[in-house]
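*Asks:* If you scroll down you'll find the structure; I have some questions about it.
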Amino acid sequence: MEVFREAFLDYLKIERGLSKNSLLSYELDLKKYLDYLGKKGVTEPARVAREDITDFLFSLRQRITPNSIARTLSTVKNFHRFLVREKITPNDPSHLVETPKLDKKIPSYLTFDEVTRILKAPNLKTVQGLRDRAILELMYAAGLRVSELATLKASDLNLEVGFVKCKGKGSKERIIPMGKIAQQFLEKYLERARPKLVKNKISVYLFLAQGGRTLSRQSIWKMIKATVKKVGIKKKVSPHTLRHSFATHLLERGADLRSVQEMLGHSSITTTQIYTHINQTRLKDIHRRFHPRAKG
């Protein structure tokens, strides 16, 4: 099975261009699956039966969440489709295994006032403060994932036109407008802060730590957590919360779903549609609070 596992991971990396994080998830899920089959004595792909897959999923029920089970099943299905496509096995035993239906979790987001408090928190008299303000403004202005932000290069910015270019999941490239305010703070960062951070080193990356080191995703997460605590917001806030807020605020102000999908870099519009549930929930809350006959 090991040979086929390696071939599948190579296919995901080379032909589908998946990111390191996605590849790691596939690798871990597949390891659990193949280890389970090995314990059952199933060592050849052609010997795998539908019951082996359902038994494997059942064995996971007490250890991981339903969402993780659904993701693991997706890995198993993709693996068996690959084996059929490569003519390693004649049929796909996962074909009739149904993916569990999951309740769509509505993502948490911040109000515009809360976002404003976070954006204004960094101390602009310091080098780190200028950098952090530029990071926060860009994350909210363009809806970037923290992994996308951490790997941005200085050349990915077009400040004259007001666009940023980034690579998302599956190495898909997209170009997103950033707005005047984010532009202004990025210009200040590039002019007054980045030269002091890079010093005598050379770096292609946009956001840097002291000594010209690349700023890690963990460092950005810690900065956001500290900023949220500083302004006294009690909600659980992560870098992704700014992305959720970006999408929610656009839709609240009348942006169309397709445009938001393109800016977020979602391959399917069904992923973007979750944000319409936020608006529906908010409207129901407003109706309940203010309509004279809503409470009976």
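A note on labels: chains of the structure tokens are A, B, ... as shown, every chain counts residues from 1, and ligands are counted from 1 in their shown order.
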Using only C-alpha atoms, what does the table of range 28-133 of chain A residues within 9 Å of range 227-231 of chain A look like, with each row giving the shortest atom pair and its distance in Å to one decimal, sorted by chain and ascending number, as a Markdown table?
*Replies:*
| residue | atom | partner | partner_atom | distance |
| --- | --- | --- | --- | --- |
| A:Glu114 | CA | A:Val231 | CA | 8.8 |
| A:Arg117 | CA | A:Val231 | CA | 6.6 |
| A:Ile118 | CA | A:Val228 | CA | 6.3 |
| A:Leu119 | CA | A:Thr227 | CA | 8.8 |
| A:Ala121 | CA | A:Thr227 | CA | 6.6 |
| A:Pro122 | CA | A:Thr227 | CA | 7.4 |
*Asks:* Per DSSP on the backbone, what are the alpha helix (DSSP H) residues of range 105-215 of chain A, as an MDAnalysis selection string?
*Replies:* chainID A and resid 112:119 127:142 146:150 180:188 194:198
*Asks:* Need the shell around Phe56 in chain A: protein/DNA/RNA residues with any atom at most 12 Å away, counting only C-alpha atoms. Skip same-chain ones fewer than 5 positions apart. Format as a PyMOL selection string?
*Replies:* chain A and resi 29-30+32-40+48-51+61-63+69+72-73+76+94+97
*Asks:* Pull the strand (DSSP E) assignments for range 92-262 of chain A out of DSSP run on the backbone, and list those residues as a list in words.
*Replies:*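 Reading the DSSP output for range 92-262 of chain A, strand (DSSP E) covers Leu157, Asn158, Phe163, Val164, Lys165, Cys166, Lys167, Glu173, Arg174, Ile175, Ile176 and Pro177 of chain A.
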*Asks:* Could those residues be written to a file, using C-alpha atoms, as a PDB file, in the first residue's frame?
*Replies:*
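And here's out.pdb as it stands now:
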ATOM      1  CA  LEU A 157       1.686  44.848  -4.241  1.00  0.00           C
ATOM      2  CA  ASN A 158       0.601  47.345  -6.870  1.00  0.00           C
ATOM      3  CA  PHE A 163      -4.311  45.761  -5.914  1.00  0.00           C
ATOM      4  CA  VAL A 164      -2.599  42.873  -4.166  1.00  0.00           C
ATOM      5  CA  LYS A 165      -1.762  39.555  -5.831  1.00  0.00           C
ATOM      6  CA  CYS A 166      -1.728  36.389  -3.759  1.00  0.00           C
ATOM      7  CA  LYS A 167      -1.621  32.623  -4.099  1.00  0.00           C
ATOM      8  CA  GLU A 173      -3.548  33.088  -7.978  1.00  0.00           C
ATOM      9  CA  ARG A 174      -5.994  35.935  -7.516  1.00  0.00           C
ATOM     10  CA  ILE A 175      -5.837  39.724  -7.635  1.00  0.00           C
ATOM     11  CA  ILE A 176      -7.804  41.681  -5.018  1.00  0.00           C
ATOM     12  CA  PRO A 177      -8.450  45.417  -4.621  1.00  0.00           C
TER      13      PRO A 177
END
*Asks:* Do a neighbour search on Leu208 in chain A at 9 Å with only C-alpha atoms, toss out local chain neighbours closer than 2 positions, and write the hits as a list of chain:residue names.
*Replies:*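 With the cut-off at 9 Å, the set is A:Arg131, A:Ala150, A:Arg194, A:Leu197, A:Val198, A:Ser203, A:Tyr205, A:Leu206, A:Gln210, A:Gly211, A:Gly212, A:Arg213, A:Thr214, A:Leu215, A:Ser216.
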*Asks:* Excluding Tyr109 in chain A and its own-chain neighbours fewer than 5 positions away, which residues fall within 6 Å of it when counting only C-alpha atoms? Please give them as a ChimeraX atom specification.
*Replies:* /A:241,244-245
